[in-house]
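*Asks:* Supplied structure: run10.pdb, PDB, C-alpha atoms.
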```
MODEL        1
ATOM      1  CA  LYS A   1       0.000   0.000   0.000
ATOM      2  CA  ASP A   2       2.845   2.341  -0.891
ATOM      3  CA  LEU A   3       1.415   4.945  -3.306
ATOM      4  CA  LYS A   4       4.831   6.502  -3.954
ATOM      5  CA  LEU A   5       6.346   3.153  -4.923
ATOM      6  CA  PHE A   6       3.294   2.389  -7.072
ATOM      7  CA  LEU A   7       3.701   5.662  -8.986
ATOM      8  CA  ILE A   8       7.433   4.991  -9.443
ATOM      9  CA  LEU A   9       6.689   1.557 -10.871
ATOM     10  CA  ILE A  10       4.038   3.050 -13.192
ATOM     11  CA  GLY A  11       6.580   5.641 -14.359
ATOM     12  CA  ILE A  12       9.234   2.991 -14.962
ATOM     13  CA  GLY A  13       6.751   0.815 -16.861
ATOM     14  CA  GLY A  14       5.708   3.760 -19.036
ATOM     15  CA  GLY A  15       9.334   4.678 -19.698
ATOM     16  CA  VAL A  16      10.150   1.106 -20.711
ATOM     17  CA  PHE A  17       7.110   1.051 -23.020
ATOM     18  CA  ILE A  18       8.169   4.304 -24.729
ATOM     19  CA  LEU A  19      11.795   3.163 -24.997
ATOM     20  CA  ASN A  20      10.661  -0.144 -26.496
ATOM     21  CA  GLY A  21       8.595   1.706 -29.113
ATOM     22  CA  LEU A  22      11.531   3.956 -29.999
ATOM     23  CA  LEU A  23      13.876   0.994 -30.336
ATOM     24  CA  ILE A  24      11.400  -0.808 -32.606
ATOM     25  CA  ALA A  25      11.069   2.311 -34.785
ATOM     26  CA  VAL A  26      14.855   2.762 -34.988
ATOM     27  CA  GLY A  27      15.322  -0.939 -35.724
ATOM     28  CA  ASP A  28      12.734  -0.808 -38.514
ATOM     29  CA  TYR A  29      14.428   2.245 -40.041
ATOM     30  CA  LEU A  30      17.873   0.629 -39.873
ATOM     31  CA  ASN A  31      16.511  -2.572 -41.400
ATOM     32  CA  ARG A  32      15.040  -0.691 -44.369
ATOM     33  CA  TYR A  33      18.200   1.379 -44.727
ATOM     34  CA  VAL A  34      20.385  -1.750 -44.794
ATOM     35  CA  ARG A  35      18.057  -3.468 -47.284
ATOM     36  CA  GLY A  36      18.195  -0.406 -49.514
ATOM     37  CA  ARG A  37      22.001  -0.397 -49.433
ATOM     38  CA  ILE A  38      22.158  -4.123 -50.138
ATOM     39  CA  ASP A  39      19.686  -3.735 -53.030
ATOM     40  CA  PHE A  40      21.799  -0.938 -54.475
ATOM     41  CA  ASP A  41      25.108  -2.815 -54.118
ATOM     42  CA  LEU A  42      23.752  -6.053 -55.578
ATOM     43  CA  ASP A  43      22.020  -4.215 -58.420
ATOM     44  CA  ARG A  44      25.215  -2.330 -59.232
ATOM     45  CA  LYS A  45      27.390  -5.442 -59.152
ATOM     46  CA  VAL A  46      24.978  -7.523 -61.251
ATOM     47  CA  PHE A  47      24.552  -4.765 -63.860
ATOM     48  CA  LYS A  48      28.315  -4.197 -63.996
ATOM     49  CA  ARG A  49      28.976  -7.910 -64.495
ATOM     50  CA  LEU A  50      26.386  -8.059 -67.289
ATOM     51  CA  GLN A  51      28.377  -5.363 -69.107
ATOM     52  CA  LEU A  52      31.591  -7.376 -68.821
ATOM     53  CA  VAL A  53      30.449 -10.872 -69.812
ATOM     54  CA  PRO A  54      30.872 -11.994 -73.445
ATOM     55  CA  TYR A  55      27.975 -11.899 -75.882
ATOM     56  CA  GLY A  56      27.653 -15.688 -75.705
ATOM     57  CA  PHE A  57      26.304 -15.295 -72.144
ATOM     58  CA  PHE A  58      23.234 -13.484 -73.536
ATOM     59  CA  GLN A  59      22.683 -16.274 -76.074
ATOM     60  CA  ASP A  60      22.461 -18.815 -73.258
ATOM     61  CA  ASN A  61      20.355 -16.529 -71.012
ATOM     62  CA  SER A  62      17.464 -14.525 -72.432
ATOM     63  CA  THR A  63      16.719 -10.907 -71.582
ATOM     64  CA  GLY A  64      13.666 -12.032 -69.605
ATOM     65  CA  ASP A  65      15.810 -14.393 -67.495
ATOM     66  CA  ASN A  66      18.332 -11.666 -66.694
ATOM     67  CA  LEU A  67      15.592  -9.145 -65.868
ATOM     68  CA  TYR A  68      13.931 -11.617 -63.497
ATOM     69  CA  LYS A  69      17.203 -12.285 -61.688
ATOM     70  CA  ALA A  70      17.974  -8.564 -61.510
ATOM     71  CA  SER A  71      14.602  -7.878 -59.852
ATOM     72  CA  TYR A  72      13.163 -10.884 -57.976
ATOM     73  CA  ASP A  73      16.407 -12.605 -56.965
ATOM     74  CA  ILE A  74      18.051  -9.377 -55.793
ATOM     75  CA  GLU A  75      14.990  -8.611 -53.660
ATOM     76  CA  GLN A  76      15.006 -12.106 -52.117
ATOM     77  CA  ALA A  77      18.766 -12.020 -51.514
ATOM     78  CA  SER A  78      18.634  -8.601 -49.818
ATOM     79  CA  ARG A  79      15.720  -9.770 -47.635
ATOM     80  CA  PHE A  80      17.701 -12.871 -46.702
ATOM     81  CA  ILE A  81      20.769 -10.819 -45.712
ATOM     82  CA  ALA A  82      18.936  -7.961 -43.960
ATOM     83  CA  ASP A  83      16.084  -9.887 -42.274
ATOM     84  CA  VAL A  84      16.930 -13.569 -41.886
ATOM     85  CA  LEU A  85      20.554 -13.394 -40.729
ATOM     86  CA  PRO A  86      19.876 -10.807 -37.958
ATOM     87  CA  GLN A  87      16.984 -12.962 -36.705
ATOM     88  CA  ALA A  88      19.369 -15.917 -36.405
ATOM     89  CA  VAL A  89      21.824 -13.733 -34.486
ATOM     90  CA  LEU A  90      19.050 -12.808 -32.020
ATOM     91  CA  LEU A  91      17.204 -16.121 -31.663
ATOM     92  CA  ILE A  92      20.179 -18.424 -31.066
ATOM     93  CA  PRO A  93      21.604 -16.431 -28.074
ATOM     94  CA  ARG A  94      18.083 -16.135 -26.612
ATOM     95  CA  ALA A  95      17.680 -19.918 -26.782
ATOM     96  CA  ALA A  96      21.105 -20.380 -25.184
ATOM     97  CA  ILE A  97      20.245 -17.963 -22.333
ATOM     98  CA  ILE A  98      16.967 -19.779 -21.614
ATOM     99  CA  LEU A  99      18.784 -23.118 -21.522
ATOM    100  CA  VAL A 100      21.289 -21.655 -19.042
ATOM    101  CA  ILE A 101      18.419 -20.455 -16.813
ATOM    102  CA  ILE A 102      16.779 -23.882 -16.938
ATOM    103  CA  PHE A 103      20.141 -25.464 -16.112
ATOM    104  CA  TYR A 104      20.361 -23.165 -13.095
ATOM    105  CA  LEU A 105      16.871 -24.160 -11.920
ATOM    106  CA  ASP A 106      17.387 -27.914 -12.445
ATOM    107  CA  TRP A 107      20.390 -29.394 -14.249
ATOM    108  CA  LYS A 108      18.734 -32.785 -14.854
ATOM    109  CA  ILE A 109      15.804 -31.283 -16.772
ATOM    110  CA  SER A 110      18.262 -29.064 -18.646
ATOM    111  CA  LEU A 111      20.293 -32.101 -19.727
ATOM    112  CA  LEU A 112      17.069 -33.759 -20.933
ATOM    113  CA  ALA A 113      16.261 -30.632 -22.953
ATOM    114  CA  PHE A 114      19.765 -30.658 -24.468
ATOM    115  CA  ALA A 115      19.403 -34.351 -25.365
ATOM    116  CA  LEU A 116      16.085 -33.743 -27.157
ATOM    117  CA  ILE A 117      17.295 -30.789 -29.257
ATOM    118  CA  PRO A 118      18.865 -32.903 -32.080
ATOM    119  CA  PHE A 119      15.659 -34.937 -32.467
ATOM    120  CA  LEU A 120      13.604 -31.737 -32.774
ATOM    121  CA  TYR A 121      15.465 -30.703 -35.933
ATOM    122  CA  ILE A 122      15.862 -34.015 -37.796
ATOM    123  CA  VAL A 123      12.447 -33.856 -39.514
ATOM    124  CA  PRO A 124      12.546 -30.079 -40.194
ATOM    125  CA  PHE A 125      16.065 -30.431 -41.626
ATOM    126  CA  TYR A 126      14.933 -33.151 -44.038
ATOM    127  CA  LEU A 127      11.836 -31.192 -45.064
ATOM    128  CA  ASN A 128      13.835 -28.008 -45.603
ATOM    129  CA  GLN A 129      16.224 -29.828 -47.930
ATOM    130  CA  ARG A 130      13.196 -30.951 -49.945
ATOM    131  CA  LEU A 131      11.738 -27.448 -49.718
ATOM    132  CA  LYS A 132      14.908 -25.936 -51.176
ATOM    133  CA  ARG A 133      14.577 -28.155 -54.260
ATOM    134  CA  ILE A 134      10.915 -27.141 -54.616
ATOM    135  CA  TYR A 135      11.829 -23.457 -54.242
ATOM    136  CA  LYS A 136      14.424 -23.816 -56.974
ATOM    137  CA  ILE A 137      11.919 -25.412 -59.390
ATOM    138  CA  ARG A 138       9.261 -22.817 -58.488
ATOM    139  CA  THR A 139      11.657 -19.917 -59.018
ATOM    140  CA  GLU A 140      12.799 -21.264 -62.387
ATOM    141  CA  ASN A 141       9.166 -21.775 -63.433
ATOM    142  CA  SER A 142       8.271 -18.224 -62.372
ATOM    143  CA  GLN A 143      11.274 -16.999 -64.319
ATOM    144  CA  GLY A 144      10.040 -18.860 -67.417
ATOM    145  CA  LEU A 145       6.611 -17.251 -67.013
ATOM    146  CA  PHE A 146       8.201 -13.795 -66.726
ATOM    147  CA  LYS A 147      10.390 -14.544 -69.741
ATOM    148  CA  LYS A 148       7.361 -15.533 -71.837
ATOM    149  CA  LEU A 149       5.451 -12.414 -70.806
ATOM    150  CA  TYR A 150       8.415 -10.211 -71.720
ATOM    151  CA  GLU A 151       8.833 -11.895 -75.124
ATOM    152  CA  VAL A 152       5.153 -11.496 -76.034
ATOM    153  CA  LEU A 153       4.869  -7.864 -74.939
ATOM    154  CA  SER A 154       8.168  -6.830 -76.545
ATOM    155  CA  HIS A 155       7.171  -8.452 -79.878
ATOM    156  CA  MET A 156       3.498  -7.527 -79.905
ATOM    157  CA  GLN A 157       3.727  -6.273 -83.489
ATOM    158  CA  LEU A 158       4.631  -9.795 -84.640
ATOM    159  CA  VAL A 159       1.869 -11.345 -82.540
ATOM    160  CA  LYS A 160      -0.663  -9.008 -84.176
ATOM    161  CA  ALA A 161       0.790  -9.475 -87.659
ATOM    162  CA  PHE A 162       0.516 -13.282 -87.541
ATOM    163  CA  GLY A 163      -2.775 -13.405 -85.608
ATOM    164  CA  ARG A 164      -1.243 -15.223 -82.624
ATOM    165  CA  GLU A 165      -3.316 -13.537 -79.898
ATOM    166  CA  LYS A 166      -5.448 -16.557 -78.931
ATOM    167  CA  SER A 167      -2.532 -18.965 -79.189
ATOM    168  CA  GLU A 168      -0.322 -16.789 -76.951
ATOM    169  CA  LEU A 169      -3.187 -16.388 -74.474
ATOM    170  CA  ARG A 170      -3.667 -20.173 -74.216
ATOM    171  CA  ASN A 171       0.082 -20.678 -73.837
ATOM    172  CA  TYR A 172       0.304 -18.040 -71.093
ATOM    173  CA  ILE A 173      -2.658 -19.468 -69.146
ATOM    174  CA  ARG A 174      -1.155 -22.966 -69.361
ATOM    175  CA  ARG A 175       2.142 -21.687 -67.966
ATOM    176  CA  ARG A 176       0.300 -19.718 -65.252
ATOM    177  CA  ILE A 177      -1.614 -22.821 -64.127
ATOM    178  CA  GLU A 178       1.640 -24.775 -64.007
ATOM    179  CA  ASN A 179       3.184 -21.983 -61.916
ATOM    180  CA  ILE A 180       0.249 -22.066 -59.469
ATOM    181  CA  ARG A 181       0.754 -25.821 -59.049
ATOM    182  CA  PHE A 182       4.382 -25.278 -58.091
ATOM    183  CA  ILE A 183       3.329 -22.574 -55.616
ATOM    184  CA  LEU A 184       0.804 -24.968 -54.053
ATOM    185  CA  ASP A 185       3.470 -27.700 -53.831
ATOM    186  CA  SER A 186       5.843 -25.353 -52.026
ATOM    187  CA  THR A 187       3.004 -24.206 -49.734
ATOM    188  CA  LYS A 188       2.205 -27.824 -48.830
ATOM    189  CA  ALA A 189       5.878 -28.443 -48.053
ATOM    190  CA  GLU A 190       6.026 -25.285 -45.913
ATOM    191  CA  VAL A 191       2.886 -26.215 -43.949
ATOM    192  CA  SER A 192       4.106 -29.814 -43.502
ATOM    193  CA  GLY A 193       7.455 -28.572 -42.241
ATOM    194  CA  LEU A 194       5.892 -26.175 -39.733
ATOM    195  CA  PHE A 195       3.452 -28.850 -38.528
ATOM    196  CA  ALA A 196       6.219 -31.431 -38.096
ATOM    197  CA  ASP A 197       8.357 -28.907 -36.254
ATOM    198  CA  SER A 198       5.473 -27.849 -34.001
ATOM    199  CA  LEU A 199       4.587 -31.484 -33.279
ATOM    200  CA  ALA A 200       8.211 -32.333 -32.425
ATOM    201  CA  GLY A 201       8.418 -29.289 -30.135
ATOM    202  CA  ARG A 202       5.204 -30.169 -28.330
ATOM    203  CA  VAL A 203       6.260 -33.788 -27.862
ATOM    204  CA  GLY A 204       9.639 -32.686 -26.483
ATOM    205  CA  LEU A 205       7.984 -30.149 -24.169
ATOM    206  CA  GLY A 206       5.523 -32.798 -22.973
ATOM    207  CA  LEU A 207       8.311 -35.264 -22.173
ATOM    208  CA  ILE A 208      10.227 -32.666 -20.201
ATOM    209  CA  ILE A 209       7.127 -31.580 -18.221
ATOM    210  CA  PHE A 210       6.243 -35.238 -17.609
ATOM    211  CA  TYR A 211       9.699 -35.839 -16.209
ATOM    212  CA  GLY A 212       9.465 -32.633 -14.142
ATOM    213  CA  GLY A 213       6.081 -33.674 -12.738
ATOM    214  CA  TYR A 214       7.571 -37.013 -11.741
ATOM    215  CA  GLN A 215      10.361 -35.169  -9.917
ATOM    216  CA  VAL A 216       7.771 -33.015  -8.099
ATOM    217  CA  ILE A 217       5.921 -36.135  -6.933
ATOM    218  CA  ARG A 218       9.205 -37.583  -5.654
ATOM    219  CA  GLY A 219       9.921 -34.331  -3.853
ATOM    220  CA  LYS A 220      13.103 -33.610  -5.822
ATOM    221  CA  ILE A 221      11.909 -30.187  -7.017
ATOM    222  CA  THR A 222       9.112 -27.839  -5.993
ATOM    223  CA  LEU A 223       5.985 -27.083  -7.988
ATOM    224  CA  GLY A 224       7.146 -23.459  -8.267
ATOM    225  CA  THR A 225      10.417 -24.532  -9.886
ATOM    226  CA  LEU A 226       8.539 -26.746 -12.355
ATOM    227  CA  SER A 227       6.178 -23.862 -13.165
ATOM    228  CA  ALA A 228       9.136 -21.559 -13.846
ATOM    229  CA  ILE A 229      10.805 -24.217 -15.997
ATOM    230  CA  SER A 230       7.533 -24.746 -17.912
ATOM    231  CA  ILE A 231       7.327 -21.006 -18.681
ATOM    232  CA  TYR A 232      10.900 -20.932 -19.957
ATOM    233  CA  LEU A 233      10.337 -24.102 -21.974
ATOM    234  CA  SER A 234       7.270 -22.495 -23.598
ATOM    235  CA  GLN A 235       9.466 -19.536 -24.581
ATOM    236  CA  LEU A 236      12.055 -21.971 -25.905
ATOM    237  CA  SER A 237       9.368 -23.747 -27.926
ATOM    238  CA  GLY A 238       8.356 -20.409 -29.458
ATOM    239  CA  ILE A 239      11.968 -19.677 -30.374
ATOM    240  CA  GLN A 240      12.267 -23.133 -31.907
ATOM    241  CA  ALA A 241       9.147 -22.471 -34.051
ATOM    242  CA  SER A 242      10.699 -19.164 -35.166
ATOM    243  CA  LEU A 243      13.906 -20.990 -36.076
ATOM    244  CA  ALA A 244      11.887 -23.467 -38.160
ATOM    245  CA  GLN A 245      10.364 -20.571 -40.143
ATOM    246  CA  LEU A 246      13.845 -19.103 -40.364
ATOM    247  CA  PHE A 247      15.152 -22.292 -41.966
ATOM    248  CA  GLN A 248      12.430 -22.059 -44.633
ATOM    249  CA  GLN A 249      13.415 -18.453 -45.374
ATOM    250  CA  VAL A 250      17.053 -19.561 -45.572
ATOM    251  CA  SER A 251      16.084 -22.176 -48.183
ATOM    252  CA  LEU A 252      14.396 -19.520 -50.335
ATOM    253  CA  GLY A 253      17.183 -16.974 -49.801
ATOM    254  CA  THR A 254      19.997 -19.353 -50.688
ATOM    255  CA  VAL A 255      18.264 -20.287 -53.956
ATOM    256  CA  SER A 256      18.243 -16.614 -55.028
ATOM    257  CA  CYS A 257      21.845 -16.137 -53.839
ATOM    258  CA  GLU A 258      22.997 -19.120 -55.895
ATOM    259  CA  ARG A 259      21.204 -17.793 -58.993
ATOM    260  CA  LEU A 260      22.790 -14.357 -58.583
ATOM    261  CA  ASP A 261      26.149 -16.006 -58.023
ATOM    262  CA  ALA A 262      25.854 -17.566 -61.488
ATOM    263  CA  ILE A 263      25.904 -14.024 -62.919
ATOM    264  CA  LEU A 264      28.519 -12.558 -60.574
ATOM    265  CA  GLU A 265      30.886 -15.481 -61.189
ATOM    266  CA  ALA A 266      30.408 -15.517 -64.984
ATOM    267  CA  LYS A 267      33.672 -15.140 -66.880
ATOM    268  CA  LYS A 268      34.478 -11.707 -68.192
ATOM    269  CA  GLU A 269      34.922 -11.045 -71.881
ATOM    270  CA  SER A 270      38.432 -11.862 -73.080
ATOM    271  CA  PRO A 271      40.499  -8.750 -73.786
ATOM    272  CA  GLU A 272      41.361  -7.985 -77.371
ATOM    273  CA  ASN A 273      44.535  -9.624 -78.651
ATOM    274  CA  LYS A 274      47.340  -7.054 -78.566
ATOM    275  CA  ASN A 275      48.891  -8.624 -81.690
ATOM    276  CA  ALA A 276      45.675  -8.264 -83.718
ATOM    277  CA  SER A 277      46.059  -6.156 -86.844
ATOM    278  CA  ASP A 278      43.601  -3.631 -88.261
ATOM    279  CA  ILE A 279      41.549  -4.578 -91.326
ATOM    280  CA  VAL A 280      42.759  -2.680 -94.370
ATOM    281  CA  PHE A 281      40.545  -2.578 -97.478
ATOM    282  CA  ALA A 282      43.219  -1.661-100.030
ATOM    283  CA  GLN A 283      41.206  -2.528-103.150
ATOM    284  CA  GLY A 284      37.749  -2.938-101.675
ATOM    285  CA  ASN A 285      37.856  -6.773-101.813
ATOM    286  CA  ILE A 286      36.530  -8.880 -98.914
ATOM    287  CA  GLU A 287      37.880 -12.417 -98.542
ATOM    288  CA  TYR A 288      37.261 -14.983 -95.810
ATOM    289  CA  ARG A 289      39.624 -17.963 -95.613
ATOM    290  CA  SER A 290      38.605 -20.916 -93.414
ATOM    291  CA  VAL A 291      36.952 -18.703 -90.777
ATOM    292  CA  THR A 292      35.492 -20.418 -87.710
ATOM    293  CA  PHE A 293      33.694 -18.290 -85.128
ATOM    294  CA  GLY A 294      31.170 -18.686 -82.336
ATOM    295  CA  TYR A 295      30.012 -16.924 -79.151
ATOM    296  CA  ASN A 296      29.928 -20.267 -77.374
ATOM    297  CA  PRO A 297      33.153 -22.354 -77.518
ATOM    298  CA  HIS A 298      31.125 -25.527 -78.071
ATOM    299  CA  LYS A 299      28.765 -24.123 -80.718
ATOM    300  CA  ALA A 300      30.189 -22.489 -83.846
ATOM    301  CA  VAL A 301      28.202 -19.879 -85.750
ATOM    302  CA  LEU A 302      30.628 -19.915 -88.680
ATOM    303  CA  ASP A 303      32.469 -23.169 -89.384
ATOM    304  CA  ASN A 304      35.427 -23.165 -91.803
ATOM    305  CA  LEU A 305      33.804 -20.483 -93.949
ATOM    306  CA  SER A 306      35.585 -19.214 -97.095
ATOM    307  CA  PHE A 307      34.339 -16.711 -99.696
ATOM    308  CA  ASN A 308      35.516 -13.747-101.755
ATOM    309  CA  ILE A 309      33.608 -10.548-102.586
ATOM    310  CA  LYS A 310      35.078  -8.365-105.309
ATOM    311  CA  GLY A 311      35.154  -4.647-104.738
ATOM    312  CA  GLY A 312      32.218  -2.820-106.320
ATOM    313  CA  SER A 313      30.145  -5.993-106.791
ATOM    314  CA  ALA A 314      26.519  -5.992-105.691
TER     315      ALA A 314
ENDMDL
END
```
Could you express the structure from this file as structure tokens?

*Replies:*
Amino acid sequence: KDLKLFLILIGIGGGVFILNGLLIAVGDYLNRYVRGRIDFDLDRKVFKRLQLVPYGFFQDNSTGDNLYKASYDIEQASRFIADVLPQAVLLIPRAAIILVIIFYLDWKISLLAFALIPFLYIVPFYLNQRLKRIYKIRTENSQGLFKKLYEVLSHMQLVKAFGREKSELRNYIRRRIENIRFILDSTKAEVSGLFADSLAGRVGLGLIIFYGGYQVIRGKITLGTLSAISIYLSQLSGIQASLAQLFQQVSLGTVSCERLDAILEAKKESPENKNASDIVFAQGNIEYRSVTFGYNPHKAVLDNLSFNIKGGSA
């Protein structure tokens, strides 16, 4: 019944609430700032690399493919770096601190919790490996859909000239339905992974509480200690569910990072031979002697071509 102390506690609680709101606002601003910087740096590096690769690279990868990677994959990669990695940095120490507290309250229950941790992640790990493969197929299918849309819209004059409107519409709808199927497959895998992870967490939590209840009955620990441990275990279960979602985001993020890496690691165009000589048209004649050329080393455009064009001939 101390009014002064009550008012002090109210003031402290209000101050903590305001400080928490400010920290959330600052954290949100910093997150968006970092994502913007990452977007800019990745965009700059990808565009720069596309200027340096040989022309054969653009024969193997269409404009639609490169545009999709330069937009969707950069966005997913920046989200992975700015959002997912910081979450891992926060969640893992929080889980470790909770385990230390449980160890302090009762070391036997803590050891049981440590022993169950590997079993909690066996099923989610397997499902996330499968999910990564599904994400890769889904992303490639979405890229193909974007590529088709770009080709049709950029060559609309040809579509109109040859009366291909209905045919292109049917083709696009077919690809869109196929894309939706891949999205549903990935959604099923995501839901299955989260359910399996939640089920494993609940089973592990139940075993630990069962063991703790047995210790209470034997008089080894108090009911208050078990209640405190149960609260911390519930927090740990929530962190474990967040880590499961984090693993799914990692699967999606690594797919985009690998696809961007294919561009960033592409070989640069070979520099011009310093011993090459300038072409001199002394009499206006053009002659090719056994010329072989190709943008791709394994696919020649010109193969042992020879011909002669006299100057002034039509």

*Asks:* Specify as a VMD selection string each residue included when the PyMOL selection byres ((chain A and resi 50) around 12) is applied to this file.

*Replies:* chain A and resid 43 to 49 51 to 58 61 63 66 to 67 69 to 70 260 262 to 269

*Asks:* Rounded to one decimal in Å, what is the spacing between CA of Glu168 in chain A and CA of Lys148 in chain A?

*Replies:*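 For CA of Glu168 in chain A relative to CA of Lys148 in chain A, the distance reads 9.3 Å.
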
*Asks:* Do you have the CA of Tyr172 in chain A-CA of Leu145 in chain A distance handy?

*Replies:*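 The value is 7.6 Å.
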
*Asks:* Record the distance separating CA of Leu226 in chain A and CA of Ala113 in chain A, expressed in Å with one decimal.

*Replies:*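 Here the two named atoms are 13.7 Å from each other.
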
*Asks:* Any idea what's packed within 7 Å of Ser186 in chain A, counting all atoms listed in the file, ignoring anything in its chain fewer than 2 positions away? Could you give it as a list in words?

*Replies:*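 Surrounding residues, per the criterion: Leu131, Ile134, Tyr135, Phe182, Ile183, Leu184, Lys188, Ala189 and Glu190 of chain A.
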
*Asks:* Keeping C-alpha atoms, export the residues of the selection given above as a PDB file, in the coordinates of the input.

*Replies:*
```pdb
ATOM      1  CA  LEU A 131      11.738 -27.448 -49.718  1.00  0.00           C
ATOM      2  CA  ILE A 134      10.915 -27.141 -54.616  1.00  0.00           C
ATOM      3  CA  TYR A 135      11.829 -23.457 -54.242  1.00  0.00           C
ATOM      4  CA  PHE A 182       4.382 -25.278 -58.091  1.00  0.00           C
ATOM      5  CA  ILE A 183       3.329 -22.574 -55.616  1.00  0.00           C
ATOM      6  CA  LEU A 184       0.804 -24.968 -54.053  1.00  0.00           C
ATOM      7  CA  LYS A 188       2.205 -27.824 -48.830  1.00  0.00           C
ATOM      8  CA  ALA A 189       5.878 -28.443 -48.053  1.00  0.00           C
ATOM      9  CA  GLU A 190       6.026 -25.285 -45.913  1.00  0.00           C
TER      10      GLU A 190
END
```

*Asks:* Within 12 Å of (9.6, -33.9, -23.2), all atoms listed in the file: residues as a PyMOL selection string?

*Replies:* chain A and resi 109-117+119-120+199-213+230+233-234+237

*Asks:* If I put a ball of radius 8 Å at (11.1, -27.7, -35.7) in the file's coordinates, which residues poke into it when counting only C-alpha atoms, written as number ranges by chain?

*Replies:* A: 120-121, 123-124, 193-194, 196-201, 240-241, 243-244

*Asks:* Restrict the calculation to all atoms listed in the file, then for each residue of range 205-247 of chain A with any atom at most 8 Å from an atom of range 102-107 of chain A give the closest atom pair and their distance in Å to one decimal, rows by chain and rising residue number, as JSON lines.

*Replies:*
```
{"residue": "A:Thr225", "atom": "CA", "partner": "A:Leu105", "partner_atom": "CA", "distance": 6.8}
{"residue": "A:Ile229", "atom": "CA", "partner": "A:Ile102", "partner_atom": "CA", "distance": 6.1}
{"residue": "A:Tyr232", "atom": "CA", "partner": "A:Ile102", "partner_atom": "CA", "distance": 7.2}
```

*Asks:* Identify, on the basis of all atoms listed in the file, every residue whose closest approach to Ile74 in chain A does not exceed 10 Å; exclude the query and any residue fewer than 3 positions from it along the same chain; express the result as a ChimeraX atom specification.

*Replies:* /A:38-43,46,68-71,77-80,253,256-257,259-260

*Asks:* Need the axis-aligned box for range 97-106 of chain A with 4 Å each side, so what are the centre and edges in Å to one decimal, as JSON?

*Replies:*
```
{"center_x": 19.0, "center_y": -22.9, "center_z": -17.1, "size_x": 12.5, "size_y": 18.0, "size_z": 18.4}
```

*Asks:* So, counting only C-alpha atoms, which residue among A:Ile8, A:Val291, A:Ile177, A:Ala95 is closest to Ile239 in chain A?

*Replies:* A:Ala95

*Asks:* Which residues would end up in the selection if the PyMOL selection byres ((chain A and resi 128) around 8) were applied here, given that I need the answer as a PyMOL selection string?

*Replies:* chain A and resi 124-127+129-132+193+247-248+251

*Asks:* Could you turn the residues from that selection into a file that holds C-alpha atoms, as a PDB file, in the frame of the given file?

*Replies:*
```pdb
ATOM      1  CA  PRO A 124      12.546 -30.079 -40.194  1.00  0.00           C
ATOM      2  CA  PHE A 125      16.065 -30.431 -41.626  1.00  0.00           C
ATOM      3  CA  TYR A 126      14.933 -33.151 -44.038  1.00  0.00           C
ATOM      4  CA  LEU A 127      11.836 -31.192 -45.064  1.00  0.00           C
ATOM      5  CA  GLN A 129      16.224 -29.828 -47.930  1.00  0.00           C
ATOM      6  CA  ARG A 130      13.196 -30.951 -49.945  1.00  0.00           C
ATOM      7  CA  LEU A 131      11.738 -27.448 -49.718  1.00  0.00           C
ATOM      8  CA  LYS A 132      14.908 -25.936 -51.176  1.00  0.00           C
ATOM      9  CA  GLY A 193       7.455 -28.572 -42.241  1.00  0.00           C
ATOM     10  CA  PHE A 247      15.152 -22.292 -41.966  1.00  0.00           C
ATOM     11  CA  GLN A 248      12.430 -22.059 -44.633  1.00  0.00           C
ATOM     12  CA  SER A 251      16.084 -22.176 -48.183  1.00  0.00           C
TER      13      SER A 251
END
```

*Asks:* May I have the residues within 12 Å of Asn304 in chain A as a list in words, using only C-alpha atoms and disregarding those fewer than 4 positions away in the same chain?

*Replies:*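 In the requested format, the answer is Tyr288, Arg289, Ser290, Val291, Thr292, Phe293, Gly294 and Ala300 of chain A.
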
*Asks:* Go ahead and write the residues just picked, C-alpha atoms, as a compact mmCIF listing (two decimals), in the coordinates of the input.

*Replies:*
```
# COMPACT_ATOMS: atom_id res chain seq x y z
CA TYR A 288 37.26 -14.98 -95.81
CA ARG A 289 39.62 -17.96 -95.61
CA SER A 290 38.60 -20.92 -93.41
CA VAL A 291 36.95 -18.70 -90.78
CA THR A 292 35.49 -20.42 -87.71
CA PHE A 293 33.69 -18.29 -85.13
CA GLY A 294 31.17 -18.69 -82.34
CA ALA A 300 30.19 -22.49 -83.85
```

*Asks:* Given the file shown, enumerate the residues that the PyMOL selection byres ((chain A and resi 87) around 12) captures and present them as a list in words.

*Replies:*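 Listing what the PyMOL selection byres ((chain A and resi 87) around 12) selects in the shown file: Asn31, Arg79, Phe80, Ile81, Ala82, Asp83, Val84, Leu85, Pro86, Ala88, Val89, Leu90, Leu91, Ile92, Pro93, Arg94, Ile239, Ser242, Leu243, Ala244, Gln245, Leu246, Phe247, Gln249 and Val250 of chain A.
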
*Asks:* If we count only C-alpha atoms and set the cut-off at 9 Å, which residues sit around Phe146 in chain A, ignoring sequence neighbours fewer than 3 positions away in its own chain? Please answer as a ChimeraX atom specification.

*Replies:* /A:64-65,67-68,141-143,149-151

*Asks:* With C-alpha atoms kept, could you save the residues just selected as a short mmCIF file (atom, residue, chain, number, x, y, z; two decimals), keeping the file's coordinate frame?

*Replies:*
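Generated output (out00.cif):
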```cif
data_model
loop_
_atom_site.label_atom_id
_atom_site.label_comp_id
_atom_site.auth_asym_id
_atom_site.auth_seq_id
_atom_site.Cartn_x
_atom_site.Cartn_y
_atom_site.Cartn_z
CA GLY A 64 13.67 -12.03 -69.60
CA ASP A 65 15.81 -14.39 -67.50
CA LEU A 67 15.59 -9.14 -65.87
CA TYR A 68 13.93 -11.62 -63.50
CA ASN A 141 9.17 -21.78 -63.43
CA SER A 142 8.27 -18.22 -62.37
CA GLN A 143 11.27 -17.00 -64.32
CA LEU A 149 5.45 -12.41 -70.81
CA TYR A 150 8.41 -10.21 -71.72
CA GLU A 151 8.83 -11.90 -75.12
#
```
